[in-house]
file model-v7.pdb (PDB, C-alpha atoms)
ATOM      1  CA  MET A   1      -4.268  26.690  38.121  1.00  0.00           C
ATOM      2  CA  SER A   2      -7.685  27.711  36.831  1.00  0.00           C
ATOM      3  CA  GLY A   3      -8.683  29.948  33.939  1.00  0.00           C
ATOM      4  CA  GLN A   4      -9.463  29.839  30.242  1.00  0.00           C
ATOM      5  CA  ALA A   5      -7.437  27.384  28.169  1.00  0.00           C
ATOM      6  CA  THR A   6      -4.868  28.840  25.788  1.00  0.00           C
ATOM      7  CA  ASP A   7      -3.596  27.490  22.461  1.00  0.00           C
ATOM      8  CA  SER A   8      -0.705  25.798  24.284  1.00  0.00           C
ATOM      9  CA  GLU A   9      -2.892  24.443  27.124  1.00  0.00           C
ATOM     10  CA  GLU A  10      -6.063  22.878  25.766  1.00  0.00           C
ATOM     11  CA  ALA A  11      -9.223  22.406  27.757  1.00  0.00           C
ATOM     12  CA  PRO A  12     -10.802  18.966  27.411  1.00  0.00           C
ATOM     13  CA  ALA A  13     -12.606  18.758  24.089  1.00  0.00           C
ATOM     14  CA  SER A  14     -16.345  18.184  23.957  1.00  0.00           C
ATOM     15  CA  SER A  15     -18.957  17.676  21.265  1.00  0.00           C
ATOM     16  CA  PHE A  16     -19.826  20.925  19.546  1.00  0.00           C
ATOM     17  CA  SER A  17     -21.652  22.505  16.651  1.00  0.00           C
ATOM     18  CA  LEU A  18     -19.984  25.568  15.160  1.00  0.00           C
ATOM     19  CA  GLU A  19     -20.815  28.164  12.530  1.00  0.00           C
ATOM     20  CA  PRO A  20     -18.396  30.893  11.389  1.00  0.00           C
ATOM     21  CA  ASP A  21     -18.422  34.452  12.713  1.00  0.00           C
ATOM     22  CA  ALA A  22     -19.362  36.367   9.547  1.00  0.00           C
ATOM     23  CA  ASP A  23     -18.253  39.781  10.863  1.00  0.00           C
ATOM     24  CA  HIS A  24     -14.873  38.420  11.925  1.00  0.00           C
ATOM     25  CA  LEU A  25     -14.273  36.764   8.550  1.00  0.00           C
ATOM     26  CA  ALA A  26     -15.415  39.866   6.653  1.00  0.00           C
ATOM     27  CA  ALA A  27     -12.886  41.964   8.585  1.00  0.00           C
ATOM     28  CA  LEU A  28     -10.143  39.424   7.853  1.00  0.00           C
ATOM     29  CA  GLY A  29     -11.149  39.544   4.181  1.00  0.00           C
ATOM     30  CA  GLU A  30     -10.643  43.300   4.038  1.00  0.00           C
ATOM     31  CA  PHE A  31      -7.222  42.951   5.669  1.00  0.00           C
ATOM     32  CA  ALA A  32      -6.268  40.129   3.316  1.00  0.00           C
ATOM     33  CA  ALA A  33      -7.243  42.156   0.241  1.00  0.00           C
ATOM     34  CA  GLY A  34      -4.989  45.058   1.229  1.00  0.00           C
ATOM     35  CA  ALA A  35      -2.102  42.853   2.330  1.00  0.00           C
ATOM     36  CA  GLY A  36      -2.283  40.720  -0.819  1.00  0.00           C
ATOM     37  CA  HIS A  37      -2.158  43.769  -3.086  1.00  0.00           C
ATOM     38  CA  GLU A  38       0.824  45.277  -1.244  1.00  0.00           C
ATOM     39  CA  ILE A  39       2.777  42.006  -1.291  1.00  0.00           C
ATOM     40  CA  ASN A  40       2.075  41.368  -4.977  1.00  0.00           C
ATOM     41  CA  ASN A  41       3.799  44.580  -6.090  1.00  0.00           C
ATOM     42  CA  PRO A  42       7.328  43.808  -4.776  1.00  0.00           C
ATOM     43  CA  LEU A  43       6.822  40.145  -5.649  1.00  0.00           C
ATOM     44  CA  ALA A  44       6.261  41.038  -9.304  1.00  0.00           C
ATOM     45  CA  THR A  45       9.489  43.063  -9.238  1.00  0.00           C
ATOM     46  CA  ILE A  46      11.436  40.111  -7.819  1.00  0.00           C
ATOM     47  CA  VAL A  47      10.071  37.708 -10.441  1.00  0.00           C
ATOM     48  CA  GLY A  48      10.800  40.150 -13.271  1.00  0.00           C
ATOM     49  CA  ARG A  49      14.360  40.781 -12.101  1.00  0.00           C
ATOM     50  CA  VAL A  50      15.068  37.044 -11.761  1.00  0.00           C
ATOM     51  CA  GLN A  51      13.890  36.494 -15.339  1.00  0.00           C
ATOM     52  CA  GLN A  52      16.146  39.295 -16.599  1.00  0.00           C
ATOM     53  CA  LEU A  53      19.211  37.923 -14.795  1.00  0.00           C
ATOM     54  CA  LEU A  54      18.574  34.383 -16.039  1.00  0.00           C
ATOM     55  CA  ARG A  55      18.721  35.494 -19.682  1.00  0.00           C
ATOM     56  CA  ASP A  56      22.401  36.471 -19.381  1.00  0.00           C
ATOM     57  CA  GLU A  57      23.620  34.166 -16.607  1.00  0.00           C
ATOM     58  CA  VAL A  58      25.833  31.263 -17.725  1.00  0.00           C
ATOM     59  CA  ASP A  59      27.372  30.162 -14.417  1.00  0.00           C
ATOM     60  CA  PRO A  60      25.558  26.947 -13.357  1.00  0.00           C
ATOM     61  CA  ALA A  61      25.652  27.697  -9.623  1.00  0.00           C
ATOM     62  CA  ARG A  62      24.310  31.223 -10.038  1.00  0.00           C
ATOM     63  CA  ARG A  63      21.627  30.004 -12.464  1.00  0.00           C
ATOM     64  CA  GLN A  64      20.496  27.414  -9.910  1.00  0.00           C
ATOM     65  CA  ALA A  65      20.376  30.088  -7.198  1.00  0.00           C
ATOM     66  CA  LEU A  66      18.256  32.320  -9.432  1.00  0.00           C
ATOM     67  CA  LEU A  67      15.946  29.445 -10.306  1.00  0.00           C
ATOM     68  CA  THR A  68      15.476  28.726  -6.599  1.00  0.00           C
ATOM     69  CA  ILE A  69      14.636  32.380  -5.918  1.00  0.00           C
ATOM     70  CA  GLY A  70      12.175  32.365  -8.796  1.00  0.00           C
ATOM     71  CA  ALA A  71      10.511  29.136  -7.638  1.00  0.00           C
ATOM     72  CA  GLN A  72      10.019  30.484  -4.117  1.00  0.00           C
ATOM     73  CA  ALA A  73       8.645  33.759  -5.489  1.00  0.00           C
ATOM     74  CA  TYR A  74       6.106  31.834  -7.560  1.00  0.00           C
ATOM     75  CA  ARG A  75       5.206  29.834  -4.458  1.00  0.00           C
ATOM     76  CA  VAL A  76       4.468  33.076  -2.620  1.00  0.00           C
ATOM     77  CA  ARG A  77       2.427  34.247  -5.619  1.00  0.00           C
ATOM     78  CA  ASP A  78       0.278  31.108  -5.362  1.00  0.00           C
ATOM     79  CA  MET A  79      -0.226  31.687  -1.650  1.00  0.00           C
ATOM     80  CA  ILE A  80      -1.275  35.266  -2.340  1.00  0.00           C
ATOM     81  CA  GLY A  81      -3.718  33.859  -4.886  1.00  0.00           C
ATOM     82  CA  ASP A  82      -5.402  31.922  -2.071  1.00  0.00           C
ATOM     83  CA  VAL A  83      -5.473  35.085   0.041  1.00  0.00           C
ATOM     84  CA  MET A  84      -7.103  37.080  -2.755  1.00  0.00           C
ATOM     85  CA  LEU A  85      -9.621  34.326  -3.486  1.00  0.00           C
ATOM     86  CA  PHE A  86     -10.714  34.521   0.129  1.00  0.00           C
ATOM     87  CA  ALA A  87     -10.698  38.325   0.181  1.00  0.00           C
ATOM     88  CA  ARG A  88     -12.225  39.033  -3.251  1.00  0.00           C
ATOM     89  CA  PRO A  89     -13.861  35.872  -4.601  1.00  0.00           C
ATOM     90  CA  PRO A  90     -15.267  35.951  -8.144  1.00  0.00           C
ATOM     91  CA  VAL A  91     -18.998  36.576  -8.459  1.00  0.00           C
ATOM     92  CA  PRO A  92     -20.802  33.221  -8.913  1.00  0.00           C
ATOM     93  CA  GLN A  93     -22.319  32.417 -12.283  1.00  0.00           C
ATOM     94  CA  PRO A  94     -25.251  30.225 -11.167  1.00  0.00           C
ATOM     95  CA  GLU A  95     -26.619  27.501 -13.415  1.00  0.00           C
ATOM     96  CA  ARG A  96     -29.281  24.838 -12.982  1.00  0.00           C
ATOM     97  CA  CYS A  97     -27.178  21.755 -12.192  1.00  0.00           C
ATOM     98  CA  ARG A  98     -28.254  18.240 -11.293  1.00  0.00           C
ATOM     99  CA  LEU A  99     -26.643  17.349  -7.994  1.00  0.00           C
ATOM    100  CA  ASP A 100     -26.047  13.804  -9.279  1.00  0.00           C
ATOM    101  CA  ASP A 101     -23.883  15.208 -12.086  1.00  0.00           C
ATOM    102  CA  LEU A 102     -21.971  17.555  -9.787  1.00  0.00           C
ATOM    103  CA  LEU A 103     -21.128  14.764  -7.337  1.00  0.00           C
ATOM    104  CA  GLU A 104     -20.245  12.299 -10.080  1.00  0.00           C
ATOM    105  CA  ASN A 105     -17.674  14.724 -11.521  1.00  0.00           C
ATOM    106  CA  VAL A 106     -16.048  15.281  -8.122  1.00  0.00           C
ATOM    107  CA  ILE A 107     -16.000  11.571  -7.251  1.00  0.00           C
ATOM    108  CA  GLN A 108     -14.434  10.692 -10.620  1.00  0.00           C
ATOM    109  CA  GLN A 109     -11.629  13.170  -9.992  1.00  0.00           C
ATOM    110  CA  TRP A 110     -11.038  11.752  -6.533  1.00  0.00           C
ATOM    111  CA  SER A 111     -11.074   8.158  -7.704  1.00  0.00           C
ATOM    112  CA  GLY A 112      -7.990   8.731  -9.838  1.00  0.00           C
ATOM    113  CA  ALA A 113      -6.079  10.867  -7.335  1.00  0.00           C
ATOM    114  CA  PRO A 114      -2.941   9.269  -5.831  1.00  0.00           C
ATOM    115  CA  ASN A 115      -2.775  11.731  -2.908  1.00  0.00           C
ATOM    116  CA  TRP A 116      -5.082   9.887  -0.524  1.00  0.00           C
ATOM    117  CA  PRO A 117      -3.939   6.248  -0.031  1.00  0.00           C
ATOM    118  CA  GLY A 118      -6.476   4.143   1.818  1.00  0.00           C
ATOM    119  CA  VAL A 119      -9.183   6.816   1.558  1.00  0.00           C
ATOM    120  CA  THR A 120     -12.510   5.741   0.035  1.00  0.00           C
ATOM    121  CA  LEU A 121     -15.324   8.062  -0.994  1.00  0.00           C
ATOM    122  CA  SER A 122     -19.035   7.313  -1.228  1.00  0.00           C
ATOM    123  CA  ALA A 123     -22.195   9.361  -1.744  1.00  0.00           C
ATOM    124  CA  GLY A 124     -25.734   8.672  -0.624  1.00  0.00           C
ATOM    125  CA  PRO A 125     -28.865   9.269  -2.709  1.00  0.00           C
ATOM    126  CA  THR A 126     -29.546  12.835  -3.839  1.00  0.00           C
ATOM    127  CA  ALA A 127     -33.310  12.531  -4.450  1.00  0.00           C
ATOM    128  CA  GLY A 128     -32.962  13.964  -7.947  1.00  0.00           C
ATOM    129  CA  ILE A 129     -32.241  17.484  -6.679  1.00  0.00           C
ATOM    130  CA  THR A 130     -31.339  20.316  -9.058  1.00  0.00           C
ATOM    131  CA  LEU A 131     -29.247  23.130  -7.578  1.00  0.00           C
ATOM    132  CA  LEU A 132     -28.862  26.737  -8.666  1.00  0.00           C
ATOM    133  CA  VAL A 133     -25.073  27.079  -8.269  1.00  0.00           C
ATOM    134  CA  ASP A 134     -21.866  28.018 -10.004  1.00  0.00           C
ATOM    135  CA  PRO A 135     -20.627  24.500 -10.900  1.00  0.00           C
ATOM    136  CA  VAL A 136     -16.936  25.463 -10.731  1.00  0.00           C
ATOM    137  CA  GLN A 137     -17.273  27.090  -7.314  1.00  0.00           C
ATOM    138  CA  PHE A 138     -19.388  24.197  -6.044  1.00  0.00           C
ATOM    139  CA  ALA A 139     -16.624  21.771  -7.068  1.00  0.00           C
ATOM    140  CA  VAL A 140     -13.948  23.926  -5.390  1.00  0.00           C
ATOM    141  CA  ALA A 141     -15.928  23.982  -2.148  1.00  0.00           C
ATOM    142  CA  LEU A 142     -16.593  20.249  -2.134  1.00  0.00           C
ATOM    143  CA  HIS A 143     -12.954  19.433  -2.960  1.00  0.00           C
ATOM    144  CA  GLU A 144     -11.841  21.558   0.010  1.00  0.00           C
ATOM    145  CA  LEU A 145     -14.210  19.705   2.349  1.00  0.00           C
ATOM    146  CA  LEU A 146     -13.053  16.319   1.049  1.00  0.00           C
ATOM    147  CA  ARG A 147      -9.383  17.276   1.367  1.00  0.00           C
ATOM    148  CA  ASN A 148      -9.974  18.409   4.937  1.00  0.00           C
ATOM    149  CA  ALA A 149     -11.721  15.121   5.748  1.00  0.00           C
ATOM    150  CA  ALA A 150      -9.010  13.040   4.063  1.00  0.00           C
ATOM    151  CA  GLU A 151      -6.251  14.714   6.065  1.00  0.00           C
ATOM    152  CA  ALA A 152      -8.181  13.905   9.243  1.00  0.00           C
ATOM    153  CA  ILE A 153      -8.235  10.144   8.593  1.00  0.00           C
ATOM    154  CA  LEU A 154      -4.675   9.731   7.312  1.00  0.00           C
ATOM    155  CA  PRO A 155      -2.324   7.914   7.598  1.00  0.00           C
ATOM    156  CA  GLY A 156      -4.608   5.006   8.448  1.00  0.00           C
ATOM    157  CA  GLY A 157      -7.220   5.862   5.828  1.00  0.00           C
ATOM    158  CA  GLY A 158     -10.924   5.156   5.969  1.00  0.00           C
ATOM    159  CA  GLU A 159     -14.220   6.196   4.441  1.00  0.00           C
ATOM    160  CA  ILE A 160     -15.509   9.667   3.665  1.00  0.00           C
ATOM    161  CA  ARG A 161     -19.215   9.876   2.994  1.00  0.00           C
ATOM    162  CA  ILE A 162     -21.290  12.583   1.301  1.00  0.00           C
ATOM    163  CA  GLU A 163     -24.907  12.714   2.463  1.00  0.00           C
ATOM    164  CA  THR A 164     -27.736  14.898   1.113  1.00  0.00           C
ATOM    165  CA  THR A 165     -31.059  15.938   2.608  1.00  0.00           C
ATOM    166  CA  VAL A 166     -33.523  18.641   1.566  1.00  0.00           C
ATOM    167  CA  GLU A 167     -34.555  21.336   4.031  1.00  0.00           C
ATOM    168  CA  SER A 168     -37.150  23.771   2.679  1.00  0.00           C
ATOM    169  CA  ASN A 169     -35.584  25.395  -0.402  1.00  0.00           C
ATOM    170  CA  GLN A 170     -32.020  24.336   0.398  1.00  0.00           C
ATOM    171  CA  ALA A 171     -30.037  21.127   0.028  1.00  0.00           C
ATOM    172  CA  ARG A 172     -27.975  20.102   3.043  1.00  0.00           C
ATOM    173  CA  ILE A 173     -24.835  18.455   1.657  1.00  0.00           C
ATOM    174  CA  ALA A 174     -22.674  17.040   4.438  1.00  0.00           C
ATOM    175  CA  VAL A 175     -19.195  15.492   4.398  1.00  0.00           C
ATOM    176  CA  LEU A 176     -18.671  12.911   7.159  1.00  0.00           C
ATOM    177  CA  ASP A 177     -15.376  11.430   8.336  1.00  0.00           C
ATOM    178  CA  ALA A 178     -14.346   9.207  11.238  1.00  0.00           C
ATOM    179  CA  GLY A 179     -11.083  11.061  11.848  1.00  0.00           C
ATOM    180  CA  ARG A 180      -9.928  12.235  15.232  1.00  0.00           C
ATOM    181  CA  GLY A 181     -12.239  15.268  15.314  1.00  0.00           C
ATOM    182  CA  PHE A 182     -11.373  18.870  16.151  1.00  0.00           C
ATOM    183  CA  SER A 183      -9.358  19.716  19.216  1.00  0.00           C
ATOM    184  CA  ASP A 184     -10.499  22.621  21.390  1.00  0.00           C
ATOM    185  CA  VAL A 185      -7.812  24.816  19.809  1.00  0.00           C
ATOM    186  CA  GLU A 186      -8.792  23.832  16.278  1.00  0.00           C
ATOM    187  CA  ARG A 187     -12.425  24.521  17.087  1.00  0.00           C
ATOM    188  CA  ARG A 188     -11.600  28.101  18.048  1.00  0.00           C
ATOM    189  CA  HIS A 189      -9.567  28.596  14.866  1.00  0.00           C
ATOM    190  CA  ALA A 190     -11.613  26.449  12.482  1.00  0.00           C
ATOM    191  CA  PHE A 191     -12.563  29.290  10.117  1.00  0.00           C
ATOM    192  CA  ASP A 192      -9.443  31.396  10.637  1.00  0.00           C
ATOM    193  CA  PRO A 193      -7.701  31.686   7.225  1.00  0.00           C
ATOM    194  CA  PHE A 194      -4.325  32.221   8.880  1.00  0.00           C
ATOM    195  CA  TYR A 195      -4.322  29.082  11.016  1.00  0.00           C
ATOM    196  CA  SER A 196      -3.516  25.526  10.045  1.00  0.00           C
ATOM    197  CA  GLY A 197      -3.982  22.432  12.182  1.00  0.00           C
ATOM    198  CA  ARG A 198      -2.388  20.278   9.481  1.00  0.00           C
ATOM    199  CA  GLN A 199       0.598  19.334  11.628  1.00  0.00           C
ATOM    200  CA  ALA A 200      -1.825  17.670  14.008  1.00  0.00           C
ATOM    201  CA  GLY A 201      -3.607  15.796  11.255  1.00  0.00           C
ATOM    202  CA  ARG A 202      -6.502  18.012  10.151  1.00  0.00           C
ATOM    203  CA  GLY A 203      -5.854  20.586   7.452  1.00  0.00           C
ATOM    204  CA  LEU A 204      -7.575  23.880   8.064  1.00  0.00           C
ATOM    205  CA  GLY A 205      -5.640  26.745   6.464  1.00  0.00           C
ATOM    206  CA  PHE A 206      -7.694  28.493   3.783  1.00  0.00           C
ATOM    207  CA  GLY A 207      -9.972  25.543   3.073  1.00  0.00           C
ATOM    208  CA  LEU A 208     -12.934  26.153   5.375  1.00  0.00           C
ATOM    209  CA  CYS A 209     -12.965  29.936   5.041  1.00  0.00           C
ATOM    210  CA  LYS A 210     -12.819  29.538   1.238  1.00  0.00           C
ATOM    211  CA  VAL A 211     -15.886  27.285   1.442  1.00  0.00           C
ATOM    212  CA  TRP A 212     -17.601  29.878   3.646  1.00  0.00           C
ATOM    213  CA  ARG A 213     -16.923  32.603   1.052  1.00  0.00           C
ATOM    214  CA  ILE A 214     -18.391  30.512  -1.760  1.00  0.00           C
ATOM    215  CA  LEU A 215     -21.469  29.549   0.268  1.00  0.00           C
ATOM    216  CA  THR A 216     -22.083  33.117   1.405  1.00  0.00           C
ATOM    217  CA  ALA A 217     -22.056  34.273  -2.217  1.00  0.00           C
ATOM    218  CA  HIS A 218     -24.654  31.590  -2.996  1.00  0.00           C
ATOM    219  CA  GLY A 219     -26.876  32.503  -0.061  1.00  0.00           C
ATOM    220  CA  GLY A 220     -25.921  29.342   1.794  1.00  0.00           C
ATOM    221  CA  ARG A 221     -24.101  28.527   5.019  1.00  0.00           C
ATOM    222  CA  ILE A 222     -21.699  26.053   6.636  1.00  0.00           C
ATOM    223  CA  ALA A 223     -21.537  24.411  10.066  1.00  0.00           C
ATOM    224  CA  ILE A 224     -19.224  21.898  11.765  1.00  0.00           C
ATOM    225  CA  GLU A 225     -20.376  19.149  14.121  1.00  0.00           C
ATOM    226  CA  SER A 226     -17.604  17.210  15.854  1.00  0.00           C
ATOM    227  CA  ALA A 227     -17.013  15.001  18.860  1.00  0.00           C
ATOM    228  CA  PRO A 228     -13.803  14.113  20.734  1.00  0.00           C
ATOM    229  CA  GLY A 229     -11.926  11.571  18.657  1.00  0.00           C
ATOM    230  CA  GLY A 230     -14.471  11.936  15.836  1.00  0.00           C
ATOM    231  CA  PRO A 231     -16.629  11.560  13.932  1.00  0.00           C
ATOM    232  CA  THR A 232     -16.887  14.952  12.250  1.00  0.00           C
ATOM    233  CA  THR A 233     -19.613  16.286   9.975  1.00  0.00           C
ATOM    234  CA  VAL A 234     -19.157  19.459   7.945  1.00  0.00           C
ATOM    235  CA  ALA A 235     -22.567  20.468   6.626  1.00  0.00           C
ATOM    236  CA  THR A 236     -23.252  22.972   3.854  1.00  0.00           C
ATOM    237  CA  TRP A 237     -26.552  24.397   2.616  1.00  0.00           C
ATOM    238  CA  TRP A 238     -27.077  25.232  -1.091  1.00  0.00           C
ATOM    239  CA  PRO A 239     -30.045  26.762  -2.950  1.00  0.00           C
ATOM    240  CA  VAL A 240     -32.377  24.274  -4.619  1.00  0.00           C
ATOM    241  CA  THR A 241     -34.128  25.264  -7.840  1.00  0.00           C
ATOM    242  CA  GLU A 242     -35.966  21.973  -8.459  1.00  0.00           C
ATOM    243  CA  ARG A 243     -36.864  18.867  -6.493  1.00  0.00           C
ATOM    244  CA  PRO A 244     -39.007  15.844  -7.340  1.00  0.00           C
TER     245      PRO A 244
END

call {"tool": "encode", "arguments": {"input": "model-v7.pdb", "output": "structure tokens"}}
result
Amino acid sequence: MSGQATDSEEAPASSFSLEPDADHLAALGEFAAGAGHEINNPLATIVGRVQQLLRDEVDPARRQALLTIGAQAYRVRDMIGDVMLFARPPVPQPERCRLDDLLENVIQQWSGAPNWPGVTLSAGPTAGITLLVDPVQFAVALHELLRNAAEAILPGGGEIRIETTVESNQARIAVLDAGRGFSDVERRHAFDPFYSGRQAGRGLGFGLCKVWRILTAHGGRIAIESAPGGPTTVATWWPVTERP
């Protein structure tokens, strides 16, 4: 049977280089903004009512049931927070930041994290580059890329490497992993905020589209290069304000 492969019937994967469809993601952002607002209203009512009932409830079983309802409502609230961050991200507050300092802060946080057993992180030379970026948003973007790479190489573990090169007035900061790479299905959905390939070993979800939002606000871009069975490189481009 011939024809285009579907999500349940994959075509053989091949090496590819992929950049997001900006119009598609912008349309999804508008939908997410409206949906997030509408869901937040009844969610706030549920949380408020649970808190009221807990004040007067003394029965242990009913208190536990209310606590469970409240916990799940807060979980939904956090998910909506991710939706709204994608749909309406905060305006960047750019600062002149040494790339060495930015990477050192991220690597220090990762070194003490217990979530990635067997995962090692290294960074190549940065050539003394100074970026014009929002340091908080830069860290969020890099953490998302590292998390995505770490999920691709677990459970066996391995090395994730950060490499930097300068191209004109932008710094190309790439995250490389030797995980299994993107399947054909994951390639088609890579920047879709409502898809997750995590069950298959590579976390997508909101991570890559969140990075795209941050980079777009900085005047940068993102691209994925992957081969069957790995390796995978996710490259990002950031504005450079100074270079040696």

call {"tool": "resolve_selection", "arguments": {"input": "model-v7.pdb", "expression": "the PyMOL selection byres ((chain A and resi 144-147) around 8)", "output": "PyMOL selection string"}}
result
chain A and resi 140-143+148-151+160+175+203+207-208+211+234

call {"tool": "atom_distance", "arguments": {"input": "model-v7.pdb", "atom1": "atom CA of A:Val240", "atom2": "atom CA of A:Ala171"}}
result
6.1 Å

call {"tool": "atom_distance", "arguments": {"input": "model-v7.pdb", "atom1": "atom CA of A:Ala217", "atom2": "atom CA of A:Gly181"}}
result
27.7 Å

call {"tool": "closest_residue", "arguments": {"input": "model-v7.pdb", "among": "A:Asn40, A:Thr232, A:Gln137, A:Thr126", "to": "A:Ala152", "atoms": "all atoms listed in the file"}}
result
A:Thr232

call {"tool": "atom_distance", "arguments": {"input": "model-v7.pdb", "atom1": "atom CA of A:Val91", "atom2": "atom CA of A:Met79"}}
result
20.6 Å

call {"tool": "residues_around", "arguments": {"input": "model-v7.pdb", "residues": "A:Gly229", "least_positions_apart": "5", "cutoff": "9 Å", "atoms": "all atoms listed in the file", "output": "PyMOL selection string"}}
result
chain A and resi 178-183

call {"tool": "closest_residue", "arguments": {"input": "model-v7.pdb", "among": "A:Ala113, A:Leu154, A:Leu103, A:Met84", "to": "A:His37", "atoms": "only C-alpha atoms"}}
result
A:Met84

call {"tool": "resolve_selection", "arguments": {"input": "model-v7.pdb", "expression": "the PyMOL selection byres ((chain A and resi 191) around 6)", "output": "PDB file with C-alpha atoms, in the frame of the given file"}}
result
ATOM      1  CA  HIS A 189      -9.567  28.596  14.866  1.00  0.00           C
ATOM      2  CA  ALA A 190     -11.613  26.449  12.482  1.00  0.00           C
ATOM      3  CA  ASP A 192      -9.443  31.396  10.637  1.00  0.00           C
ATOM      4  CA  LEU A 208     -12.934  26.153   5.375  1.00  0.00           C
ATOM      5  CA  CYS A 209     -12.965  29.936   5.041  1.00  0.00           C
TER       6      CYS A 209
END

call {"tool": "resolve_selection", "arguments": {"input": "model-v7.pdb", "expression": "the PyMOL selection byres ((chain A and resi 120) around 9)", "output": "short mmCIF file (atom, residue, chain, number, x, y, z; two decimals) with C-alpha atoms, in the frame of the given file"}}
result
data_model
loop_
_atom_site.label_atom_id
_atom_site.label_comp_id
_atom_site.auth_asym_id
_atom_site.auth_seq_id
_atom_site.Cartn_x
_atom_site.Cartn_y
_atom_site.Cartn_z
CA SER A 111 -11.07 8.16 -7.70
CA TRP A 116 -5.08 9.89 -0.52
CA PRO A 117 -3.94 6.25 -0.03
CA GLY A 118 -6.48 4.14 1.82
CA VAL A 119 -9.18 6.82 1.56
CA LEU A 121 -15.32 8.06 -0.99
CA SER A 122 -19.04 7.31 -1.23
CA GLY A 157 -7.22 5.86 5.83
CA GLY A 158 -10.92 5.16 5.97
CA GLU A 159 -14.22 6.20 4.44
CA ILE A 160 -15.51 9.67 3.66
CA ARG A 161 -19.22 9.88 2.99
#

call {"tool": "closest_residue", "arguments": {"input": "model-v7.pdb", "among": "A:Arg187, A:Trp238, A:Arg213, A:Asp100", "to": "A:Ser168", "atoms": "all atoms listed in the file"}}
result
A:Trp238

call {"tool": "residues_around", "arguments": {"input": "model-v7.pdb", "residues": "A:Val76", "least_positions_apart": "2", "cutoff": "12 Å", "atoms": "only C-alpha atoms", "output": "number ranges by chain"}}
result
A: 36, 39-40, 42-44, 46-47, 69-74, 78-83

call {"tool": "closest_residue", "arguments": {"input": "model-v7.pdb", "among": "A:Val133, A:Thr164, A:Ala174, A:Ala235", "to": "A:Gly219", "atoms": "only C-alpha atoms"}}
result
A:Val133

call {"tool": "closest_residue", "arguments": {"input": "model-v7.pdb", "among": "A:Ile173, A:Val106, A:Ala87, A:Cys97", "to": "A:Pro125", "atoms": "all atoms listed in the file"}}
result
A:Ile173

call {"tool": "closest_residue", "arguments": {"input": "model-v7.pdb", "among": "A:Ala223, A:Val50, A:Ala139, A:Val185", "to": "A:Ala65", "atoms": "all atoms listed in the file"}}
result
A:Val50

call {"tool": "axis_aligned_box", "arguments": {"input": "model-v7.pdb", "around": "stretch 105-122 of chain A", "padding_each_side": "6 Å", "output": "lines of an AutoDock Vina configuration file"}}
result
center_x = -10.9
center_y = 9.7
center_z = -4.9
size_x = 28.3
size_y = 23.1
size_z = 25.3

call {"tool": "residues_near_point", "arguments": {"input": "model-v7.pdb", "point": "(-29.7, 29.3, -8.2)", "cutoff": "8 Å", "atoms": "all atoms listed in the file", "output": "PyMOL selection string"}}
result
chain A and resi 94-96+131-133+218+239-241
